[in-house]
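K.L.:
Structure: coords19.tsv, TSV, C-alpha atoms and all ligand atoms.
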chain	number	residue	atom	x	y	z
F	1	MET	CA	-1.09	18.77	-6.85
F	2	LYS	CA	-3.79	16.78	-5.12
F	3	LYS	CA	-2.82	14.85	-1.99
F	4	LYS	CA	-5.92	12.70	-1.61
F	5	ILE	CA	-8.05	10.63	-3.90
F	6	ILE	CA	-11.62	9.35	-3.46
F	7	THR	CA	-12.06	5.60	-3.69
F	8	ASN	CA	-15.16	3.88	-5.07
F	9	GLY	CA	-16.99	3.74	-1.72
F	10	GLY	CA	-16.66	7.52	-1.37
F	11	VAL	CA	-13.85	7.39	1.21
F	12	GLU	CA	-10.84	9.69	0.71
F	13	ILE	CA	-7.39	8.12	0.93
F	14	PRO	CA	-4.20	10.19	1.25
F	15	LEU	CA	-1.94	9.47	-1.75
F	16	LEU	CA	1.07	9.22	0.55
F	17	GLY	CA	1.34	6.84	3.50
F	18	LEU	CA	4.14	5.40	5.61
F	19	GLY	CA	4.95	1.71	5.05
F	20	THR	CA	5.92	-0.38	8.08
F	21	TRP	CA	6.94	-3.82	6.84
F	22	LEU	CA	10.05	-4.94	8.77
F	23	SER	CA	9.68	-1.98	11.11
F	24	ARG	CA	9.06	-3.02	14.72
F	25	GLY	CA	9.41	-1.96	18.35
F	26	ARG	CA	10.78	1.49	19.17
F	27	ASP	CA	11.93	2.04	15.57
F	28	CYS	CA	8.40	1.56	14.32
F	29	GLN	CA	6.82	3.66	17.08
F	30	ARG	CA	9.22	6.52	16.44
F	31	ALA	CA	8.83	6.35	12.66
F	32	VAL	CA	5.02	6.45	12.92
F	33	GLU	CA	5.07	9.31	15.43
F	34	PHE	CA	7.58	11.26	13.35
F	35	ALA	CA	5.68	10.70	10.09
F	36	LEU	CA	2.34	11.73	11.61
F	37	THR	CA	3.85	14.94	12.94
F	38	HIS	CA	5.72	15.71	9.68
F	39	GLY	CA	3.20	15.70	6.86
F	40	TYR	CA	1.91	12.11	6.70
F	41	ASP	CA	-1.74	11.31	7.47
F	42	HIS	CA	-1.67	7.66	6.52
F	43	ILE	CA	0.00	4.53	7.93
F	44	ASP	CA	0.10	1.05	6.40
F	45	THR	CA	0.41	-1.99	8.67
F	46	ALA	CA	-0.64	-5.65	8.61
F	47	GLN	CA	-1.30	-8.47	11.03
F	48	ALA	CA	1.66	-10.30	9.49
F	49	TYR	CA	4.07	-7.43	10.27
F	50	ASP	CA	3.69	-8.05	14.00
F	51	ASN	CA	3.78	-4.30	14.65
F	52	GLU	CA	0.16	-3.19	14.99
F	53	GLU	CA	0.75	-2.45	18.67
F	54	ASP	CA	3.79	-0.32	17.79
F	55	VAL	CA	1.80	1.54	15.13
F	56	GLY	CA	-0.91	2.19	17.75
F	57	LYS	CA	1.66	3.54	20.22
F	58	GLY	CA	3.29	5.72	17.56
F	59	TRP	CA	-0.05	7.16	16.54
F	60	LYS	CA	-1.03	7.89	20.17
F	61	ALA	CA	2.34	9.54	20.81
F	62	SER	CA	1.81	11.81	17.79
F	63	GLY	CA	-1.19	13.45	19.45
F	64	ARG	CA	-3.07	13.40	16.13
F	65	SER	CA	-6.81	12.83	16.39
F	66	ARG	CA	-8.12	9.58	14.98
F	67	LYS	CA	-10.35	11.36	12.46
F	68	GLU	CA	-7.37	13.12	10.87
F	69	ILE	CA	-5.46	9.99	10.03
F	70	TYR	CA	-5.91	6.98	7.78
F	71	ILE	CA	-4.91	3.51	9.01
F	72	THR	CA	-4.75	0.37	6.90
F	73	THR	CA	-4.32	-3.16	8.17
F	74	LYS	CA	-4.50	-6.52	6.42
F	75	ILE	CA	-5.88	-9.95	7.27
F	76	SER	CA	-2.99	-12.41	7.24
F	77	THR	CA	-3.31	-15.71	5.36
F	78	PRO	CA	-3.51	-17.84	8.54
F	79	ASN	CA	-6.39	-15.59	9.72
F	80	GLN	CA	-8.44	-16.11	6.55
F	81	GLY	CA	-11.92	-17.64	6.78
F	82	TYR	CA	-15.19	-15.92	7.74
F	83	GLU	CA	-15.21	-16.20	11.54
F	84	LYS	CA	-11.46	-16.15	11.94
F	85	SER	CA	-10.97	-12.95	10.02
F	86	ILE	CA	-13.75	-11.24	11.99
F	87	ARG	CA	-12.10	-12.24	15.27
F	88	SER	CA	-8.67	-11.29	14.01
F	89	LEU	CA	-9.81	-7.75	13.20
F	90	GLU	CA	-10.99	-7.35	16.80
F	91	LYS	CA	-7.43	-8.10	17.92
F	92	SER	CA	-5.96	-5.73	15.37
F	93	LEU	CA	-8.23	-2.92	16.53
F	94	GLN	CA	-7.21	-3.52	20.11
F	95	ALA	CA	-3.52	-3.49	19.21
F	96	LEU	CA	-3.95	-0.32	17.15
F	97	GLN	CA	-5.95	1.34	19.98
F	98	THR	CA	-8.73	2.28	17.62
F	99	GLU	CA	-12.40	1.45	17.12
F	100	TYR	CA	-12.11	1.17	13.35
F	101	VAL	CA	-9.59	1.10	10.54
F	102	ASP	CA	-9.92	3.14	7.37
F	103	LEU	CA	-8.98	0.28	5.09
F	104	LEU	CA	-8.96	-3.46	5.61
F	105	LEU	CA	-7.29	-5.65	3.00
F	106	ILE	CA	-6.91	-9.35	2.29
F	107	HIS	CA	-3.10	-9.51	2.40
F	108	TRP	CA	-2.60	-12.32	-0.12
F	109	PRO	CA	-4.97	-14.58	-2.04
F	110	ASN	CA	-4.60	-18.13	-0.71
F	111	LEU	CA	-4.15	-20.11	-3.90
F	112	SER	CA	-4.18	-23.45	-2.15
F	113	ASP	CA	-7.64	-22.62	-0.73
F	114	ILE	CA	-9.14	-19.83	-2.78
F	115	GLU	CA	-12.66	-20.47	-1.44
F	116	ARG	CA	-11.36	-19.44	1.96
F	117	THR	CA	-10.11	-16.18	0.44
F	118	PHE	CA	-13.55	-15.49	-1.04
F	119	GLU	CA	-15.15	-16.27	2.35
F	120	THR	CA	-12.75	-13.77	3.85
F	121	TRP	CA	-14.05	-11.18	1.39
F	122	GLN	CA	-17.59	-11.80	2.72
F	123	ALA	CA	-16.26	-11.19	6.23
F	124	LEU	CA	-14.73	-7.89	5.08
F	125	VAL	CA	-18.09	-6.86	3.60
F	126	GLU	CA	-19.71	-7.63	6.98
F	127	LEU	CA	-16.99	-5.78	8.93
F	128	GLN	CA	-17.54	-2.73	6.77
F	129	ARG	CA	-21.30	-2.99	7.33
F	130	ARG	CA	-20.64	-3.04	11.08
F	131	GLY	CA	-18.53	0.12	10.80
F	132	LEU	CA	-15.29	-1.55	11.91
F	133	THR	CA	-13.59	-0.54	8.68
F	134	ARG	CA	-14.46	2.42	6.44
F	135	SER	CA	-13.37	0.69	3.26
F	136	ILE	CA	-12.29	-2.75	2.11
F	137	GLY	CA	-9.94	-4.05	-0.52
F	138	VAL	CA	-7.46	-6.68	-1.57
F	139	SER	CA	-3.73	-6.97	-2.00
F	140	ASN	CA	-1.62	-8.94	-4.46
F	141	PHE	CA	-4.62	-9.77	-6.63
F	142	PRO	CA	-3.84	-10.27	-10.34
F	143	VAL	CA	-6.50	-9.64	-13.02
F	144	ASP	CA	-7.83	-13.22	-13.16
F	145	LEU	CA	-8.47	-13.35	-9.42
F	146	LEU	CA	-10.11	-9.92	-9.45
F	147	GLU	CA	-12.38	-11.21	-12.23
F	148	ASP	CA	-13.21	-14.23	-10.13
F	149	LEU	CA	-13.93	-12.10	-7.06
F	150	LEU	CA	-16.09	-9.60	-8.96
F	151	GLY	CA	-18.13	-12.53	-10.30
F	152	ARG	CA	-19.03	-13.47	-6.73
F	153	THR	CA	-19.73	-10.14	-5.01
F	154	ASP	CA	-21.58	-6.87	-5.49
F	155	VAL	CA	-18.95	-5.00	-3.49
F	156	VAL	CA	-16.06	-3.83	-5.65
F	157	PRO	CA	-12.76	-3.59	-3.71
F	158	ALA	CA	-11.81	0.04	-3.09
F	159	ILE	CA	-8.10	-0.78	-3.35
F	160	ASN	CA	-5.75	-3.37	-4.77
F	161	GLN	CA	-2.40	-2.94	-3.00
F	162	VAL	CA	0.33	-4.41	-5.20
F	163	GLU	CA	4.02	-4.11	-5.93
F	164	PHE	CA	4.26	-1.18	-8.33
F	165	HIS	CA	7.23	1.05	-9.11
F	166	THR	CA	9.25	2.36	-12.04
F	167	PHE	CA	10.89	-1.08	-12.30
F	168	LEU	CA	7.55	-2.92	-12.19
F	169	TYR	CA	5.08	-0.90	-14.23
F	170	GLN	CA	2.01	-3.16	-14.18
F	171	ARG	CA	0.13	-1.52	-17.06
F	172	GLU	CA	-2.38	-4.29	-17.74
F	173	LEU	CA	-3.38	-4.54	-14.08
F	174	LEU	CA	-3.64	-0.74	-13.82
F	175	THR	CA	-5.87	-0.50	-16.89
F	176	TYR	CA	-8.11	-3.29	-15.61
F	177	CYS	CA	-8.39	-1.79	-12.11
F	178	ARG	CA	-9.20	1.65	-13.57
F	179	GLU	CA	-11.98	0.13	-15.69
F	180	LYS	CA	-13.49	-1.48	-12.58
F	181	GLY	CA	-13.05	1.56	-10.31
F	182	ILE	CA	-10.42	-0.12	-8.14
F	183	GLN	CA	-7.64	2.20	-6.94
F	184	ILE	CA	-4.09	0.80	-7.16
F	185	GLU	CA	-1.94	1.36	-4.08
F	186	ALA	CA	1.75	0.95	-4.88
F	187	TYR	CA	3.91	-1.01	-2.45
F	188	SER	CA	7.71	-1.25	-2.54
F	189	PRO	CA	7.46	2.12	-4.33
F	190	VAL	CA	11.18	2.90	-4.20
F	191	ALA	CA	11.89	-0.70	-5.29
F	192	ARG	CA	13.35	-1.39	-1.86
F	193	ALA	CA	16.23	1.03	-2.60
F	194	LYS	CA	17.75	-1.33	-5.17
F	195	PHE	CA	17.98	0.86	-8.27
F	196	PHE	CA	18.89	4.33	-7.03
F	197	ASN	CA	22.00	4.47	-9.23
F	198	HIS	CA	20.15	3.62	-12.45
F	199	GLU	CA	21.58	6.03	-15.02
F	200	LYS	CA	18.29	7.37	-16.46
F	201	LEU	CA	16.78	7.79	-13.02
F	202	VAL	CA	19.84	9.68	-11.74
F	203	LYS	CA	19.74	11.99	-14.77
F	204	ILE	CA	16.09	12.88	-14.21
F	205	ALA	CA	16.70	13.36	-10.48
F	206	GLN	CA	19.51	15.82	-11.28
F	207	LYS	CA	17.27	17.73	-13.69
F	208	TYR	CA	14.68	18.37	-10.94
F	209	SER	CA	17.26	18.73	-8.12
F	210	ARG	CA	15.61	15.77	-6.38
F	211	THR	CA	16.75	12.34	-5.26
F	212	PRO	CA	16.08	9.14	-7.25
F	213	ALA	CA	13.67	8.04	-4.48
F	214	GLN	CA	11.71	11.28	-4.86
F	215	VAL	CA	11.51	10.86	-8.63
F	216	MET	CA	10.28	7.27	-8.27
F	217	LEU	CA	7.58	8.41	-5.84
F	218	ALA	CA	6.63	11.45	-7.92
F	219	TRP	CA	6.19	9.13	-10.92
F	220	LEU	CA	3.53	7.24	-8.93
F	221	ILE	CA	1.84	10.47	-7.79
F	222	ASN	CA	1.86	11.74	-11.41
F	223	HIS	CA	0.04	8.51	-12.31
F	224	ASP	CA	-2.54	9.20	-9.52
F	225	LEU	CA	-1.46	6.16	-7.52
F	226	VAL	CA	-1.49	5.83	-3.74
F	227	THR	CA	1.96	5.01	-2.38
F	228	ILE	CA	3.42	3.88	0.95
F	229	PRO	CA	7.24	4.15	1.09
F	230	LYS	CA	8.75	2.63	4.22
F	231	SER	CA	11.58	4.12	6.22
F	232	ILE	CA	12.52	4.24	9.87
F	233	HIS	CA	14.94	7.15	9.30
F	234	GLU	CA	13.67	10.68	9.87
F	235	ALA	CA	15.60	12.25	6.98
F	236	ARG	CA	14.25	9.64	4.56
F	237	ILE	CA	10.70	9.92	5.92
F	238	LEU	CA	10.90	13.66	5.12
F	239	GLU	CA	12.57	13.05	1.74
F	240	ASN	CA	9.85	10.56	0.76
F	241	ALA	CA	7.11	13.07	1.55
F	242	ASP	CA	8.48	15.82	-0.70
F	243	ILE	CA	7.16	14.21	-3.86
F	244	PHE	CA	4.27	16.36	-5.02
F	245	PHE	CA	5.86	17.87	-8.10
F	246	GLN	CA	5.03	17.61	-11.77
F	247	LEU	CA	7.27	15.54	-14.04
F	248	ASP	CA	7.42	16.60	-17.72
F	249	ARG	CA	5.73	14.35	-20.26
F	250	GLU	CA	9.08	13.36	-21.76
F	251	ASP	CA	10.44	12.34	-18.36
F	252	MET	CA	7.27	10.37	-17.57
F	253	ASP	CA	7.80	8.56	-20.89
F	254	ILE	CA	11.37	7.66	-19.94
F	255	LEU	CA	10.27	6.51	-16.48
F	256	ASP	CA	7.38	4.53	-18.02
F	257	ASN	CA	9.94	2.53	-19.98
F	258	LEU	CA	12.79	1.86	-17.57
F	259	GLN	CA	14.60	-1.46	-17.70
F	260	PRO	CA	15.01	-3.91	-16.07
F	261	GLN	CA	11.43	-4.63	-15.01
F	262	ARG	CA	11.57	-6.88	-11.99
F	263	ARG	CA	9.29	-8.15	-9.22
F	264	LEU	CA	11.00	-7.91	-5.85
F	265	VAL	CA	8.38	-9.30	-3.46
F	266	GLN	CA	7.16	-12.85	-3.95
F	267	GLU	CA	4.69	-14.87	-1.96
F	268	PRO	CA	5.68	-18.42	-2.92
F	269	ASN	CA	2.08	-19.58	-2.89
F	270	LEU	CA	1.01	-17.06	-5.51
F	271	PHE	CA	3.79	-17.51	-8.00
F	272	LYS	CA	4.20	-21.26	-8.04
F	273	ASP	CA	3.80	-22.85	-11.50
L	301	LIG	N1	0.66	-5.93	0.61
L	301	LIG	C1	1.82	-6.51	0.57
L	301	LIG	O1	1.95	-7.73	0.32
L	301	LIG	C2	3.04	-5.68	0.77
L	301	LIG	C3	4.31	-6.19	0.38
L	301	LIG	C4	5.42	-5.35	0.56
L	301	LIG	C5	5.26	-4.09	1.11
L	301	LIG	N2	4.03	-3.65	1.52
L	301	LIG	C6	3.85	-2.33	2.17
L	301	LIG	O2	4.50	-1.34	1.39
L	301	LIG	C7	5.49	-0.68	2.16
L	301	LIG	C8	6.64	-0.23	1.31
L	301	LIG	O3	7.24	-1.31	0.64
L	301	LIG	P1	8.68	-1.91	1.05
L	301	LIG	O4	8.94	-1.66	2.48
L	301	LIG	O5	8.71	-3.30	0.54
L	301	LIG	O6	9.70	-1.12	0.12
L	301	LIG	P2	10.10	0.41	-0.16
L	301	LIG	O7	9.27	1.36	0.58
L	301	LIG	O8	10.20	0.52	-1.65
L	301	LIG	O9	11.61	0.44	0.38
L	301	LIG	C9	11.92	0.33	1.74
L	301	LIG	C10	13.42	0.18	1.86
L	301	LIG	O10	14.09	1.27	1.24
L	301	LIG	C11	14.79	2.06	2.21
L	301	LIG	N3	14.46	3.46	1.88
L	301	LIG	C12	13.24	4.04	1.91
L	301	LIG	N4	13.29	5.31	1.49
L	301	LIG	C13	14.59	5.56	1.20
L	301	LIG	C14	15.28	6.70	0.74
L	301	LIG	N5	14.64	7.85	0.49
L	301	LIG	N6	16.63	6.61	0.54
L	301	LIG	C15	17.28	5.44	0.78
L	301	LIG	N7	16.68	4.31	1.23
L	301	LIG	C16	15.34	4.37	1.44
L	301	LIG	C17	14.27	1.64	3.57
L	301	LIG	O11	15.29	1.67	4.53
L	301	LIG	P3	15.18	2.38	5.98
L	301	LIG	O12	13.91	1.94	6.63
L	301	LIG	O13	16.40	1.84	6.68
L	301	LIG	O14	15.25	3.85	5.72
L	301	LIG	C18	13.88	0.17	3.29
L	301	LIG	O15	15.01	-0.66	3.36
L	301	LIG	C19	5.85	-1.75	3.22
L	301	LIG	O16	6.60	-1.23	4.28
L	301	LIG	C20	4.49	-2.26	3.56
L	301	LIG	O17	3.81	-1.34	4.41
L	301	LIG	C21	2.92	-4.42	1.33
Produce structure tokens that represent the structure in this file.

P.N.:
Amino acid sequence: MKKKIITNGGVEIPLLGLGTWLSRGRDCQRAVEFALTHGYDHIDTAQAYDNEEDVGKGWKASGRSRKEIYITTKISTPNQGYEKSIRSLEKSLQALQTEYVDLLLIHWPNLSDIERTFETWQALVELQRRGLTRSIGVSNFPVDLLEDLLGRTDVVPAINQVEFHTFLYQRELLTYCREKGIQIEAYSPVARAKFFNHEKLVKIAQKYSRTPAQVMLAWLINHDLVTIPKSIHEARILENADIFFQLDREDMDILDNLQPQRRLVQEPNLFKD
């Protein structure tokens, strides 16, 4: 099965990456180093995670060359705005010990000042032009905001990183993004370990002699989605990488229709009435 996918700007992104939200200090450094020396080529961080320096140290400790790996970071909401986001990326690059990132995202749309979010997009376009990021994208953008953004720019986001897992199958958003050539990147892909004893999931996991986490991740890979499970534990980092196996059509159908469907990550700003 393929392990990389080409995004609309022509840049390849590994389908599997290591998430690092809530991972900091030595735990984060060790997880990044371990992942990069055990089958992962891709790390997801963000200014808001306060761990870019740890990710940089973990990468350096791995001995992997910069060209071989894919690093994503995200502009935090307080750093939005044209000049501010440009300056904030300089700091991120320093912390990450790199001259460029592979993907730069707007972490959340700022609904109380959406113009500032669109200005931030213009900054990302400029940062890509300057070669400080190979590709640019958004995160947590629903269809209406993507529509709004596409009406104001010629540069289509390469990625929309959103919560996406077997318990939050965002079909409408996926269809829309596919139509526009925007790749979905699935965050919280094992639903933050909350549903591992779901009966249907357990049954499918037994059938393939895999764990529920592996089945949840394989479901994303079978849908051609990029995914970034987070763990700081070596055994789980390995488990979450052994996910490139085919699920039968009938099992995909069951997984496509699991209940309950539930959003686990909420940014209060975005979901207020
Ligand atoms: N753009 C955004 O707004 C946004 C929002 C949320 C997340 N993200 C990104 O997506 C990444 C993943 O999402 P997430 O961290 O929310 O959730 P997740 O990857 O679905 O789940 C992480 C949680 O599950 C545990 N876990 C992971 N694999 C496991 C396994 N095989 N067996 C048992 N437990 C396991 C981890 O614990 P241990 O670490 O203790 O193993 C951690 O508590 C984040 O780390 C971050 O990089 C982005």

K.L.:
Take every atom of ligand LIG 301 (chain L) listed in the file, fit an axis-aligned box around them, add 6 Å per side, and give the centre and edge lengths in Å to one decimal as AutoDock Vina command-line options.

P.N.:
--center_x 9.0 --center_y 0.1 --center_z 2.5 --size_x 28.6 --size_y 27.6 --size_z 20.3

K.L.:
Could you state the separation of atom CA of F:Gln94 and atom CA of F:Gly56 in Å, given to one decimal place?

P.N.:
8.8 Å

K.L.:
Counting only C-alpha atoms, I want the residues whose atoms come within 12 Å of (-5.1, -19.0, -1.1) in the file frame, returned as a count of residues only.

P.N.:
30

K.L.:
Name the residues, by chain letter and number, that sit within 9 Å of ligand LIG 301 (chain L) using all atoms listed in the file, and give them as a short mmCIF file (atom, residue, chain, number, x, y, z; two decimals) with C-alpha atoms, in the coordinates of the input.

P.N.:
data_model
loop_
_atom_site.label_atom_id
_atom_site.label_comp_id
_atom_site.auth_asym_id
_atom_site.auth_seq_id
_atom_site.Cartn_x
_atom_site.Cartn_y
_atom_site.Cartn_z
CA GLY F 17 1.34 6.84 3.50
CA LEU F 18 4.14 5.40 5.61
CA GLY F 19 4.95 1.71 5.05
CA THR F 20 5.92 -0.38 8.08
CA TRP F 21 6.94 -3.82 6.84
CA LEU F 22 10.05 -4.94 8.77
CA SER F 23 9.68 -1.98 11.11
CA ILE F 43 0.00 4.53 7.93
CA ASP F 44 0.10 1.05 6.40
CA THR F 45 0.41 -1.99 8.67
CA ALA F 46 -0.64 -5.65 8.61
CA TYR F 49 4.07 -7.43 10.27
CA LYS F 74 -4.50 -6.52 6.42
CA LEU F 105 -7.29 -5.65 3.00
CA ILE F 106 -6.91 -9.35 2.29
CA HIS F 107 -3.10 -9.51 2.40
CA TRP F 108 -2.60 -12.32 -0.12
CA VAL F 138 -7.46 -6.68 -1.57
CA SER F 139 -3.73 -6.97 -2.00
CA ASN F 140 -1.62 -8.94 -4.46
CA ASN F 160 -5.75 -3.37 -4.77
CA GLN F 161 -2.40 -2.94 -3.00
CA VAL F 162 0.33 -4.41 -5.20
CA GLU F 163 4.02 -4.11 -5.93
CA HIS F 165 7.23 1.05 -9.11
CA GLU F 185 -1.94 1.36 -4.08
CA ALA F 186 1.75 0.95 -4.88
CA TYR F 187 3.91 -1.01 -2.45
CA SER F 188 7.71 -1.25 -2.54
CA PRO F 189 7.46 2.12 -4.33
CA VAL F 190 11.18 2.90 -4.20
CA ALA F 191 11.89 -0.70 -5.29
CA ARG F 192 13.35 -1.39 -1.86
CA ALA F 193 16.23 1.03 -2.60
CA LYS F 194 17.75 -1.33 -5.17
CA PHE F 196 18.89 4.33 -7.03
CA THR F 211 16.75 12.34 -5.26
CA PRO F 212 16.08 9.14 -7.25
CA ALA F 213 13.67 8.04 -4.48
CA GLN F 214 11.71 11.28 -4.86
CA THR F 227 1.96 5.01 -2.38
CA ILE F 228 3.42 3.88 0.95
CA PRO F 229 7.24 4.15 1.09
CA LYS F 230 8.75 2.63 4.22
CA SER F 231 11.58 4.12 6.22
CA ILE F 232 12.52 4.24 9.87
CA HIS F 233 14.94 7.15 9.30
CA GLU F 234 13.67 10.68 9.87
CA ALA F 235 15.60 12.25 6.98
CA ARG F 236 14.25 9.64 4.56
CA ILE F 237 10.70 9.92 5.92
CA LEU F 238 10.90 13.66 5.12
CA GLU F 239 12.57 13.05 1.74
CA ASN F 240 9.85 10.56 0.76
CA LEU F 264 11.00 -7.91 -5.85
CA VAL F 265 8.38 -9.30 -3.46
CA GLN F 266 7.16 -12.85 -3.95
CA GLU F 267 4.69 -14.87 -1.96
#

K.L.:
What is the distance, in Å and to one decimal place, between atom CA of F:Glu147 and atom CA of F:His223?

P.N.:
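The value is 23.3 Å.
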
K.L.:
Looking at F:Leu150, F:Ala205, F:Leu132, F:Leu225, which one is nearest to F:Lys180, with distances taken over all atoms listed in the file?

P.N.:
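Smallest separation from F:Lys180 among the options: F:Leu150.
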
K.L.:
Which of these, F:Gly63, F:Glu12, F:Pro157, F:Pro260, has the shortest distance to F:Ile182 once you count all atoms listed in the file?

P.N.:
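For F:Ile182, the nearest of the given residues is F:Pro157.
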
K.L.:
Name the closest residue to F:Trp219 among the candidates F:Met252, F:Ala158, F:Cys28, F:Val55; distances are taken between atoms, counting only C-alpha atoms.

P.N.:
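The answer is F:Met252, which sits nearest to F:Trp219.
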
K.L.:
Which of these residues is nearest to F:Ile136, using only C-alpha atoms: F:Leu93, F:Val101, F:Ile204, F:Leu217?

P.N.:
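When distances to F:Ile136 are compared using only C-alpha atoms, the smallest one comes from F:Val101.
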
K.L.:
Set the distance at 10 Å and use all atoms listed in the file: which residues neighbour F:Lys60 once local chain neighbours fewer than 4 positions away are removed? I'd like the list as an mmCIF file with C-alpha atoms, keeping the file's coordinate frame.

P.N.:
data_model
loop_
_atom_site.group_PDB
_atom_site.id
_atom_site.type_symbol
_atom_site.label_atom_id
_atom_site.label_comp_id
_atom_site.auth_asym_id
_atom_site.auth_seq_id
_atom_site.Cartn_x
_atom_site.Cartn_y
_atom_site.Cartn_z
ATOM 1 C CA GLN F 29 6.820 3.660 17.080
ATOM 2 C CA VAL F 32 5.020 6.450 12.920
ATOM 3 C CA GLU F 33 5.070 9.310 15.430
ATOM 4 C CA LEU F 36 2.340 11.730 11.610
ATOM 5 C CA ASP F 54 3.790 -0.320 17.790
ATOM 6 C CA VAL F 55 1.800 1.540 15.130
ATOM 7 C CA GLY F 56 -0.910 2.190 17.750
ATOM 8 C CA ARG F 64 -3.070 13.400 16.130
ATOM 9 C CA SER F 65 -6.810 12.830 16.390
ATOM 10 C CA ARG F 66 -8.120 9.580 14.980
ATOM 11 C CA LEU F 96 -3.950 -0.320 17.150
ATOM 12 C CA GLN F 97 -5.950 1.340 19.980
ATOM 13 C CA THR F 98 -8.730 2.280 17.620
#

K.L.:
Expressed in Å to a single decimal, how great is the separation between atom CA of F:Glu53 and atom CA of F:Ala95?

P.N.:
4.4 Å

K.L.:
Of the candidates F:Met216, F:Arg129, F:Trp121, F:Phe164, which shows the shortest atom-to-atom distance to F:Leu149, using all atoms listed in the file?

P.N.:
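With all atoms listed in the file as the atom set, the closest residue is F:Trp121.
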
K.L.:
Closest to F:Lys4 among F:Glu172, F:Asp154, F:Asp224, F:Glu250, using all atoms listed in the file?

P.N.:
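Smallest distance to F:Lys4 is found for F:Asp224.
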
K.L.:
Taking 6 positions as the minimum chain separation for residues in the same chain, which residues sit within 7 Å of F:Ile5 when counting all atoms listed in the file? Answer as an MDAnalysis selection string.

P.N.:
chainID F and resid 12:15

K.L.:
Which polymer residues, whether protein, DNA or RNA, lie within 8 Å of the coordinate (-0.1, 14.3, 11.4) when you count all atoms listed in the file? List them as a list in words, using the chain letters and numbers from the file.

P.N.:
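Answer for this query, in the requested form: Ala35, Leu36, Thr37, His38, Gly39, Tyr40, Asp41, Ser62, Arg64, Glu68 and Ile69 of chain F.
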
K.L.:
Is it possible to add all heavy atoms to stretch 121-125 of chain F and hand it back as a PDB file, keeping the file's coordinate frame?

P.N.:
ATOM      1  N   TRP F 121     -13.471 -12.398   1.984  1.00  0.00           N
ATOM      2  CA  TRP F 121     -14.050 -11.180   1.390  1.00  0.00           C
ATOM      3  C   TRP F 121     -15.440 -10.913   1.977  1.00  0.00           C
ATOM      4  O   TRP F 121     -15.785  -9.763   2.303  1.00  0.00           O
ATOM      5  CB  TRP F 121     -14.115 -11.283  -0.139  1.00  0.00           C
ATOM      6  CG  TRP F 121     -14.698 -10.037  -0.737  1.00  0.00           C
ATOM      7  CD1 TRP F 121     -15.925  -9.881  -1.291  1.00  0.00           C
ATOM      8  CD2 TRP F 121     -14.070  -8.745  -0.769  1.00  0.00           C
ATOM      9  NE1 TRP F 121     -16.114  -8.574  -1.676  1.00  0.00           N
ATOM     10  CE2 TRP F 121     -14.991  -7.854  -1.358  1.00  0.00           C
ATOM     11  CE3 TRP F 121     -12.836  -8.263  -0.337  1.00  0.00           C
ATOM     12  CZ2 TRP F 121     -14.709  -6.497  -1.541  1.00  0.00           C
ATOM     13  CZ3 TRP F 121     -12.548  -6.918  -0.521  1.00  0.00           C
ATOM     14  CH2 TRP F 121     -13.480  -6.048  -1.118  1.00  0.00           C
ATOM     15  N   GLN F 122     -16.247 -11.985   2.139  1.00  0.00           N
ATOM     16  CA  GLN F 122     -17.590 -11.800   2.720  1.00  0.00           C
ATOM     17  C   GLN F 122     -17.489 -11.255   4.144  1.00  0.00           C
ATOM     18  O   GLN F 122     -18.302 -10.439   4.569  1.00  0.00           O
ATOM     19  CB  GLN F 122     -18.396 -13.107   2.702  1.00  0.00           C
ATOM     20  CG  GLN F 122     -18.758 -13.577   1.291  1.00  0.00           C
ATOM     21  CD  GLN F 122     -19.368 -12.470   0.433  1.00  0.00           C
ATOM     22  OE1 GLN F 122     -20.083 -11.591   0.914  1.00  0.00           O
ATOM     23  NE2 GLN F 122     -19.056 -12.478  -0.855  1.00  0.00           N
ATOM     24  N   ALA F 123     -16.464 -11.705   4.862  1.00  0.00           N
ATOM     25  CA  ALA F 123     -16.260 -11.190   6.230  1.00  0.00           C
ATOM     26  C   ALA F 123     -15.908  -9.698   6.174  1.00  0.00           C
ATOM     27  O   ALA F 123     -16.380  -8.901   6.995  1.00  0.00           O
ATOM     28  CB  ALA F 123     -15.140 -11.972   6.916  1.00  0.00           C
ATOM     29  N   LEU F 124     -15.085  -9.311   5.206  1.00  0.00           N
ATOM     30  CA  LEU F 124     -14.730  -7.890   5.080  1.00  0.00           C
ATOM     31  C   LEU F 124     -15.970  -7.039   4.785  1.00  0.00           C
ATOM     32  O   LEU F 124     -16.143  -5.942   5.332  1.00  0.00           O
ATOM     33  CB  LEU F 124     -13.673  -7.696   3.976  1.00  0.00           C
ATOM     34  CG  LEU F 124     -12.211  -7.655   4.442  1.00  0.00           C
ATOM     35  CD1 LEU F 124     -11.820  -8.865   5.251  1.00  0.00           C
ATOM     36  CD2 LEU F 124     -11.264  -7.428   3.286  1.00  0.00           C
ATOM     37  N   VAL F 125     -16.843  -7.578   3.924  1.00  0.00           N
ATOM     38  CA  VAL F 125     -18.090  -6.860   3.600  1.00  0.00           C
ATOM     39  C   VAL F 125     -18.894  -6.655   4.895  1.00  0.00           C
ATOM     40  O   VAL F 125     -19.407  -5.567   5.168  1.00  0.00           O
ATOM     41  CB  VAL F 125     -18.910  -7.655   2.545  1.00  0.00           C
ATOM     42  CG1 VAL F 125     -20.304  -7.063   2.362  1.00  0.00           C
ATOM     43  CG2 VAL F 125     -18.159  -7.702   1.206  1.00  0.00           C
TER      44      VAL F 125
END
